[in-house]
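Participant: Dropping the structure in here first, questions after.
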Amino acid sequence: MELRGAEIVPEGRHFVEPNASKAALREQFLRRLSTYGVAGNIQSAMHMLTDYVGASHYLLARYDLVQEHGLDFIVASNWPFDLVRRLGADLVGGYARSTEVEKCLAMLTPQFSLLPDDVSLPEDVSRQFCSLTFCVGRTRFSIMLLYLEGLILSQDRLRETGLLAGYVISLGTGLEVRTERDFELTDRELECLFWISEGKTSDEIAVILGISRNTINNYITSVMRKTATKTRSEAIAYAVRNNLV
């Protein structure tokens, strides 16, 4: 919110009371976000946060759903639909190609990328977009922001926007964040995950569980697919971070 003397200059379509102090403005802003969060009104909350950071369009994605069909991993967005459909596979692919270390280091760190030249954008919107990753419980989310050409987004406000988005989502009942038993790993998959975390090979796990080596490899492949990891080491890191082993 910008203060000009005693006058309050609204951001976007979210107006605030005149003659209020900065502390009162912030309190009012947080109360409204909280109200939207409790009601599960993620779209209105994201509109507020997009205005707050100075961007023009938002896309909110949750990455535990990247293996699902279609665009189910997109929670809310006011990006042009053709752009979302055009880039959906690229967003999923880029996330799947990154390592667990890269994913962890990217938390609440604004990342800037360029959209392809062949996509159509709203007038005056920059081809550069900003993405910001954050976690709610064990679920990883990302906000992708479009903004006007020539605008410089505040790094501090971007990080604060990620924290506030996580706060809003954590309040709601409309988005159920998965617990460890909701990752849809079977008992056998969890057993295999435990034994590879203990340093056992597929042959050793096959002897321990009394099933074939090929079956063990199939279980481990399934684990990596469901957890969006590419190697056994990444699957182990994922399991440790999410208390699965």
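Letters A, B, ... go to the chains of the structure tokens in the order shown; residues in each chain start at 1; ligands are counted from 1 in the same order.
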Please identify the helix (DSSP H, G or I) residues within range 41-241 of chain A (assignment by DSSP from backbone atoms) and present them as a PyMOL selection string.

Facilitator: chain A and resi 42-53+63-65+81-97+100-105+155-171+180-183+187-197+202-209+213-226+232-241

Participant: Write out, as a tab-separated table (two decimals), in the first residue's frame, the residues just selected, with C-alpha atoms.

Facilitator:
chain	number	residue	atom	x	y	z
A	42	ILE	CA	-7.61	-18.69	-2.96
A	43	GLN	CA	-8.42	-16.65	-6.08
A	44	SER	CA	-9.26	-13.48	-4.14
A	45	ALA	CA	-6.23	-13.93	-1.88
A	46	MET	CA	-3.96	-14.34	-4.89
A	47	HIS	CA	-5.45	-11.22	-6.50
A	48	MET	CA	-4.56	-9.30	-3.36
A	49	LEU	CA	-1.03	-10.66	-3.22
A	50	THR	CA	-0.51	-10.01	-6.92
A	51	ASP	CA	-1.53	-6.39	-6.41
A	52	TYR	CA	0.66	-6.20	-3.31
A	53	VAL	CA	3.81	-7.20	-5.16
A	63	TYR	CA	3.91	-29.79	-7.38
A	64	ASP	CA	2.71	-32.94	-5.66
A	65	LEU	CA	0.22	-33.18	-8.55
A	81	PHE	CA	-5.72	-19.86	-20.67
A	82	ASP	CA	-3.93	-20.38	-23.99
A	83	LEU	CA	-0.67	-19.44	-22.28
A	84	VAL	CA	-1.32	-21.87	-19.40
A	85	ARG	CA	-2.14	-24.68	-21.82
A	86	ARG	CA	0.88	-23.86	-23.97
A	87	LEU	CA	3.33	-23.86	-21.06
A	88	GLY	CA	1.80	-26.52	-18.80
A	89	ALA	CA	4.02	-29.35	-20.05
A	90	ASP	CA	7.11	-27.10	-19.95
A	91	LEU	CA	6.42	-26.15	-16.32
A	92	VAL	CA	6.02	-29.79	-15.31
A	93	GLY	CA	9.09	-30.86	-17.29
A	94	GLY	CA	11.29	-28.12	-15.85
A	95	TYR	CA	10.32	-29.05	-12.32
A	96	ALA	CA	10.89	-32.77	-12.93
A	97	ARG	CA	14.37	-32.10	-14.36
A	100	GLU	CA	16.15	-32.10	-4.91
A	101	VAL	CA	19.03	-29.83	-3.93
A	102	GLU	CA	18.01	-27.27	-6.57
A	103	LYS	CA	14.41	-27.45	-5.38
A	104	CYS	CA	15.41	-26.83	-1.78
A	105	LEU	CA	17.73	-23.92	-2.66
A	155	GLN	CA	12.85	-8.88	-3.89
A	156	ASP	CA	11.68	-8.33	-0.32
A	157	ARG	CA	8.02	-8.09	-1.34
A	158	LEU	CA	8.36	-11.19	-3.50
A	159	ARG	CA	9.67	-13.24	-0.59
A	160	GLU	CA	6.98	-11.81	1.67
A	161	THR	CA	4.37	-12.71	-0.92
A	162	GLY	CA	5.54	-16.34	-0.81
A	163	LEU	CA	5.27	-16.42	2.98
A	164	LEU	CA	1.81	-14.82	2.91
A	165	ALA	CA	0.60	-17.22	0.21
A	166	GLY	CA	1.73	-20.15	2.36
A	167	TYR	CA	-0.10	-18.64	5.34
A	168	VAL	CA	-3.32	-18.23	3.36
A	169	ILE	CA	-3.23	-21.76	2.00
A	170	SER	CA	-2.51	-23.22	5.44
A	171	LEU	CA	-5.72	-21.63	6.77
A	180	GLU	CA	2.61	-38.94	4.45
A	181	ARG	CA	-0.11	-41.59	3.97
A	182	ASP	CA	-1.72	-39.49	1.24
A	183	PHE	CA	1.29	-39.74	-1.08
A	187	ASP	CA	3.25	-50.69	1.86
A	188	ARG	CA	5.67	-52.49	-0.48
A	189	GLU	CA	6.86	-49.19	-1.96
A	190	LEU	CA	7.45	-47.81	1.52
A	191	GLU	CA	9.38	-50.97	2.43
A	192	CYS	CA	11.58	-50.60	-0.64
A	193	LEU	CA	12.09	-46.91	0.13
A	194	PHE	CA	13.17	-47.80	3.65
A	195	TRP	CA	15.67	-50.42	2.50
A	196	ILE	CA	17.27	-48.24	-0.19
A	197	SER	CA	17.64	-45.53	2.47
A	202	SER	CA	17.87	-54.26	-5.38
A	203	ASP	CA	19.32	-57.77	-5.08
A	204	GLU	CA	19.65	-57.44	-1.30
A	205	ILE	CA	16.10	-56.04	-0.95
A	206	ALA	CA	14.81	-58.92	-3.09
A	207	VAL	CA	16.34	-61.42	-0.64
A	208	ILE	CA	15.00	-59.54	2.39
A	209	LEU	CA	11.42	-59.29	1.03
A	213	ARG	CA	14.84	-58.17	-8.29
A	214	ASN	CA	12.73	-56.94	-11.23
A	215	THR	CA	9.73	-56.48	-8.94
A	216	ILE	CA	11.88	-54.47	-6.52
A	217	ASN	CA	13.06	-52.24	-9.37
A	218	ASN	CA	9.46	-51.72	-10.46
A	219	TYR	CA	8.50	-50.65	-6.93
A	220	ILE	CA	11.42	-48.21	-6.76
A	221	THR	CA	10.58	-46.79	-10.20
A	222	SER	CA	7.00	-46.27	-9.01
A	223	VAL	CA	8.24	-44.48	-5.89
A	224	MET	CA	10.37	-42.10	-7.97
A	225	ARG	CA	7.47	-41.40	-10.33
A	226	LYS	CA	5.05	-40.62	-7.49
A	232	ARG	CA	17.42	-43.22	-5.71
A	233	SER	CA	19.41	-40.59	-3.83
A	234	GLU	CA	16.74	-37.97	-4.55
A	235	ALA	CA	14.02	-40.41	-3.48
A	236	ILE	CA	15.87	-41.00	-0.20
A	237	ALA	CA	16.27	-37.26	0.38
A	238	TYR	CA	12.55	-36.78	-0.33
A	239	ALA	CA	11.63	-39.60	2.07
A	240	VAL	CA	13.80	-38.21	4.87
A	241	ARG	CA	12.45	-34.68	4.42

Participant: Any idea what's packed within 6 Å of range 127-141 of chain A, counting only C-alpha atoms, ignoring anything in its chain fewer than 2 positions away? Could you give it as a list in words?

Facilitator: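 With the cut-off at 6 Å, the set is Ala61, Arg62, Tyr63, Met107, Leu108, Pro110, Gln111, Phe112, Ser113, Leu114, Leu115, Ile143, Met144, Leu145, Leu146 and Gly166 of chain A.
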
Participant: Can you check which residues of range 45-183 of chain A DSSP gives as strand (DSSP E) on the backbone and send them as JSON, numbers by chain?

Facilitator: {"A": [57, 58, 59, 60, 61, 62, 74, 75, 76, 77, 111, 112, 113, 114, 125, 126, 127, 128, 129, 130, 131, 132, 133, 134, 135, 136, 139, 140, 141, 142, 143, 144, 145, 146, 147, 148]}

Participant: Let me see the file: selected residues, C-alpha atoms, as a CSV table (one decimal), in the first residue's frame.

Facilitator:
chain,number,residue,atom,x,y,z
A,57,HIS,CA,-1.1,-11.9,-13.4
A,58,TYR,CA,-0.6,-14.9,-11.2
A,59,LEU,CA,-0.4,-18.7,-11.5
A,60,LEU,CA,-0.4,-20.9,-8.4
A,61,ALA,CA,0.7,-24.5,-8.9
A,62,ARG,CA,1.2,-27.4,-6.5
A,74,ILE,CA,-2.7,-25.6,-11.3
A,75,VAL,CA,-4.6,-24.4,-8.3
A,76,ALA,CA,-5.6,-20.9,-9.4
A,77,SER,CA,-4.6,-18.5,-12.2
A,111,GLN,CA,13.6,-16.9,-10.1
A,112,PHE,CA,13.3,-15.0,-13.4
A,113,SER,CA,12.7,-16.7,-16.7
A,114,LEU,CA,11.7,-15.7,-20.2
A,125,VAL,CA,3.1,-7.4,-20.2
A,126,SER,CA,6.8,-8.4,-20.1
A,127,ARG,CA,8.0,-11.7,-21.5
A,128,GLN,CA,10.0,-12.1,-18.4
A,129,PHE,CA,8.1,-13.8,-15.5
A,130,CYS,CA,9.0,-14.5,-11.9
A,131,SER,CA,8.5,-17.7,-10.1
A,132,LEU,CA,8.6,-18.2,-6.3
A,133,THR,CA,8.5,-21.6,-4.6
A,134,PHE,CA,7.3,-22.2,-1.0
A,135,CYS,CA,6.0,-25.1,1.1
A,136,VAL,CA,2.8,-25.6,3.1
A,139,THR,CA,3.5,-29.8,-0.2
A,140,ARG,CA,5.5,-27.6,-2.4
A,141,PHE,CA,3.8,-24.7,-4.2
A,142,SER,CA,5.0,-22.1,-6.7
A,143,ILE,CA,3.6,-18.7,-7.7
A,144,MET,CA,4.4,-17.5,-11.2
A,145,LEU,CA,3.9,-13.8,-11.8
A,146,LEU,CA,3.6,-11.8,-15.0
A,147,TYR,CA,4.2,-8.0,-14.7
A,148,LEU,CA,4.3,-4.9,-16.9

Participant: Taking 6 positions as the minimum chain separation for residues in the same chain, which residues sit within 9 Å of Gly172 in chain A when counting only C-alpha atoms? Answer as an mmCIF file with C-alpha atoms, in the first residue's frame.

Facilitator:
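Wrote around-v2.cif, looks like this:
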data_model
loop_
_atom_site.group_PDB
_atom_site.id
_atom_site.type_symbol
_atom_site.label_atom_id
_atom_site.label_comp_id
_atom_site.auth_asym_id
_atom_site.auth_seq_id
_atom_site.Cartn_x
_atom_site.Cartn_y
_atom_site.Cartn_z
ATOM 1 C CA TYR A 36 -10.043 -15.354 2.284
ATOM 2 C CA GLY A 37 -7.803 -18.159 3.521
ATOM 3 C CA VAL A 38 -10.301 -19.522 6.058
ATOM 4 C CA ALA A 39 -13.021 -19.411 3.395
ATOM 5 C CA GLY A 40 -10.792 -21.239 0.920
ATOM 6 C CA ASN A 41 -11.081 -18.288 -1.471
ATOM 7 C CA ILE A 42 -7.605 -18.690 -2.961
#

Participant: Work out how far apart CA of Leu121 in chain A and CA of Leu153 in chain A are and give it in Å to one decimal.

Facilitator: 18.7 Å

Participant: To one decimal place in Å, what is the distance between CA of Leu151 in chain A and CA of Glu123 in chain A?

Facilitator: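 So the answer is 14.0 Å.
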